[in-house]
Amino acid sequence: MSAAKRVPITTFHKWVLALGLPFVFIPPFIYLVYGMQAHDGPTHSRGGAMFGWTIRGEYVVDPDALVNARIWLAIWFIGSALTIAGAVAGALRMQRGPRGETLDTSHGFQDAPYWSVGDRAGWRTDERVFTGTVVEVHRREFRFGDDLIEAVAGIPGLVMKSDADGALIARPLATVYRIAGTTGPSGTMESIRASMNDAVQPGDTFAWLNAANEPVEGVVVEKHHEPFEVAGKRVDASPAAPGYTVRREPDGELVAVGNDLREG
C-alpha cells in the first residue's frame, strides 16, 4: 500500500532546515566581503587560501575587518555543524519513533475491533515506528487515494493522522497497535456494536474468536436478528444485537458467531 509506505519529512526536520539553512548559505558571503577587506595576499592565491589567512592572521591590512571575518567564519562553521547534527538527530528520532515510543503488539487482534476516533496508536512501516491519532474508522473496505484498503466489520481499517508531519495515513485491518505504556483503544463492544452491525452483510469476510480464544476468519452466510441455531449450537440474537452464520475458513464448516464476536 503506497500510502502507508511513504516516509514523511518530520516537523523536526522542517524546523532544522528552516533555522539551519540560513546559517549554511548566508554567512560565507558575508565572510568573503570582510575577508577581502581584511587581507591583501598574493592575488594568485586568493580564494581557498583566504581561509588560512583569516585563521592565522596573515596578509592583514584591516584588523577590524579581520575580526568581523573571523566572527562570520565561526558562525558559518558552527551553524553548518549544528544543522548537520540536527538532521542526523531527526533521522535517529524518526527511526525509533516520537519520544522513543515503542509498540505493544501483544494485544493486536484483541484490540483491533475497538479503535475509535481520537485514540492514539502506533504502526510500523519499513522498520520504523510511527504514531498518530485515529481520525476515521471504516468497517468495510474503502478507497484512500489510489489504494483499496482492507477492512471488515470485526476488524476495521483506520485513517491515522501522523504525529510526525500531520499527514493522513491509511492502515488496513489489524496493523495498528497500542503505544507501549498506554491503555490501548477506548472503544467497547457496546460502543462499536451499532456500526459493526450496520457494516456486516452476507458475503462479507468476517473475523472472530473461537472457543480457544484464537482468531478465525470466514465468510458471512446469514445475518440473524433473532435467536438461531447452527450445528446444534443455539446463539442469542436480536435486531439490536444480531448474530451470524459464518462459513469458517479453511475447513468450510458453518459456525454460529454471536454479537460479541465469539463462536457460539
# chains A, B, ... in the order shown; residues from 1 in each chain; ligands from 1
>>> select_by_dssp(residues="stretch 20-206 of chain A", states="helix (DSSP H, G or I)", output="PyMOL selection string")
chain A and resi 20-25+27-38+43-45+49-56+63-96+98-100+105-114+189-199
>>> residues_around(residues="A:His224", least_positions_apart="3", cutoff="9 Å", atoms="only C-alpha atoms", output="number ranges by chain")
A: 227-228, 237-239, 241-245
>>> write_last_selection(atoms="C-alpha atoms", output="PDB file, in the first residue's frame")
ATOM      1  CA  PRO A 227     -32.091 -16.490  18.258  1.00  0.00           C
ATOM      2  CA  PHE A 228     -30.753 -19.076  15.806  1.00  0.00           C
ATOM      3  CA  ALA A 237     -29.630 -12.600  18.593  1.00  0.00           C
ATOM      4  CA  SER A 238     -31.889  -9.574  18.267  1.00  0.00           C
ATOM      5  CA  PRO A 239     -32.303  -6.577  15.953  1.00  0.00           C
ATOM      6  CA  ALA A 241     -27.525  -7.360  18.647  1.00  0.00           C
ATOM      7  CA  PRO A 242     -27.584  -9.657  15.604  1.00  0.00           C
ATOM      8  CA  GLY A 243     -25.698 -12.919  15.255  1.00  0.00           C
ATOM      9  CA  TYR A 244     -24.176 -14.558  12.217  1.00  0.00           C
ATOM     10  CA  THR A 245     -23.926 -17.867  10.455  1.00  0.00           C
TER      11      THR A 245
END
>>> residues_around(residues="A:Ala212", least_positions_apart="3", cutoff="12 Å", atoms="only C-alpha atoms", output="ChimeraX atom specification")
/A:208-209,215-216,262-264
>>> atom_distance(atom1="atom CA of A:Glu222", atom2="atom CA of A:Phe144")
29.2 Å
>>> residues_around(residues="A:Leu73", least_positions_apart="3", cutoff="8 Å", atoms="only C-alpha atoms", output="number ranges by chain")
A: 27-28, 31, 69-70, 76-77
